[in-house]
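Notes follow the structure.
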Amino acid sequence: MRIEATLLLAAVFLLICPNHAPSQQLNQDPSAKTDALVEAAEKGDAKSQCELAKTYLDKRNDRQSLAEAVRWFGKAADQGFAEAQDWIGALYDAGLGVSRNYIEASRWYRTAAENGNLSAQVNLGFMYQQGRNNPQSVLGLNGELLVWPDDGGGVFLQDYSQAAKWYRMAAEQGSSFAQSSLGWMYFEGRGIDNDSVLATGWFLKAAEQGDISAQCILGAIYVEGKGVPQDYAQAHMWLNLCASATQGKKRDMAVKLQEEIARQMIPQQIADAQRLAKQFDARYAQIAGNGPHVAGKGVTPPVILVDPKPVYTEQARKARAQGIVLTQCIVRKDGTVSRCKVIRELGYGLDESAINTIMARWRFKPGTLNGEPVDVLALIETSFRLY
């Protein structure tokens with residue numbers, strides 16, 4: 001089985017305030033900036049070495065450029081630069097420029113994670129959550145059975161207790177993906193004791209950052225009163241946000257549940273729920289910044305740098321399911337991904353597999369405005385094929 005993924009050109013852009021005045025960027029000679037980066041890298045500056053490696057990774061279809069990317073990442077990593085250590089882990093994880101090796105990937109991720117790198121903590125947690133090339137099907141976080149073909153990277157066994165450890169570190173640093181994942185682990189009692197109160201707390205932190213999955217879960221939690229007092233106004237608000245940010249079956253389920261509880265609410269409760277939703281939208285807009293912006297007028301789209309394969313589910317394999325999952329995600333100015341929602345479903349657990357892999361493992365060269373990185377709302381197409 002083979003899974004190919006391509007990025008569709010971004011349609012809408014979310015502007016982030018630049019660190020330098022636009023006029024400075026417009027007047028800067030790009031070649032002079034590159035020359036200065038090379039000079040600093042050759043003098044041994046680890047950050048410059050890491051940034052130079054990314055410029056080579058931008059030409060990842062060229063074998064020589066990939067080799068240079070690995071070389072410069074290695075130089076920075078050997079100096080203890082955590083971001084470069086995380087990138088080396090990602091290259092081994094994806095088999096990009098080096099032979100795929102999950103033990104080496106985990107070793108570099110762990111080194112970077114212990115040095116406080118947020119991305120590495122998320123990636124290591126995700127590796128332990130799913131495992132790699134498990135000898136048999138394993139249970140995924142959402143209850144789905146995951147099937148790994150032998151992709152030559154070796155065996156890395158699933159370990160939920162280790163996943164919880166690294167997700168907690170990332171969650172405490174503010175990763176919404178880790179917060180939502182940790183919430184699920186507390187909710188299901190995977191690798192840690194079941195605790196609906198702690199689960200709800202982590203879901204709330206993720207939801208407040210705009211995590212769509214957490215928002216949908218909170219709607220159901222407040223309906224049932226599991227881990228929190230039953231509150232139809234809160235449930236209505238979160239289900240409203242969930243429905244407005246999703247499509248297909250997930251949206252239909254949110255709308256149906258919202259309509260059911262609305263019949264049990266008095267008009268004042270519904271008005272309170274609508275007010276809460278507006279207040280959340282205002283808070284989130286303040287956090288997210290200005291935008292969104294349409295592509296063009298000085299804005300460049302993001303470029304995929306690392307895109308490891310999502311895993312097939314047992315359900316999809318048995319059904320011989322193939323096709324495309326289309327998602328809409330924000331590619332952040334640091335090249336990571338957040339707030340993904342499914343635009344075109346495939347089902348059989350493949351939608352969740354695509355989103356989780358994109359958010360946890362993919363890396364991008366961010367879009368820019370006047371030379372400064374910006375957050376970009378992009379359409380990402382993931383194709384699942386059985387061969």
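Residue numbering restarts at 1 in every chain; chains get A, B, ... in the order shown in the structure tokens, and ligands count up from 1 in that same order.
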Would you mind listing what lies within 6 Å of Pro373 in chain A as a ChimeraX atom specification, with only C-alpha atoms counted and same-chain residues fewer than 6 positions away left out? /A:333,366-367
Taking only range 82-277 of chain A into account, list the residues labelled strand (DSSP E or B) by DSSP (computed from the backbone), as a ChimeraX atom specification. /A:132,138-139,145-147,156
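Comparing A:Leu124, A:Leu204, A:Leu146, A:Ala243 by their smallest distance to Tyr160 in chain A, the closest is A:Leu124 (using only C-alpha atoms).
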Ala76 in chain A environment, 8 Å, only C-alpha atoms, sequence neighbours closer than 2 positions dropped, as a count of residues only: 14
What is the distance between CA of Leu37 in chain A and CA of Thr368 in chain A, in Å to one decimal?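 Result for CA of Leu37 in chain A versus CA of Thr368 in chain A: 18.3 Å, one decimal.
Proximity to Gln328 in chain A was assessed for A:Met237, A:Leu276, A:Asp193, A:Gln247 counting only C-alpha atoms; the smallest distance is recorded for A:Gln247.
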Surrounding residues of range 347-353 of chain A excluding itself and chain neighbours under 2 positions, 9 Å, only C-alpha atoms, as a ChimeraX atom specification: /A:142,144-145,310-317,319,321,325-327,342,344-345,355-358,384
When you look at Ala94 in chain A with a cut-off of 9 Å (counting only C-alpha atoms), what residues show up, excluding the ones that are within fewer than 6 positions of it in the same chain? I need them as a ChimeraX atom specification. /A:100-102,105,153,306-309,361
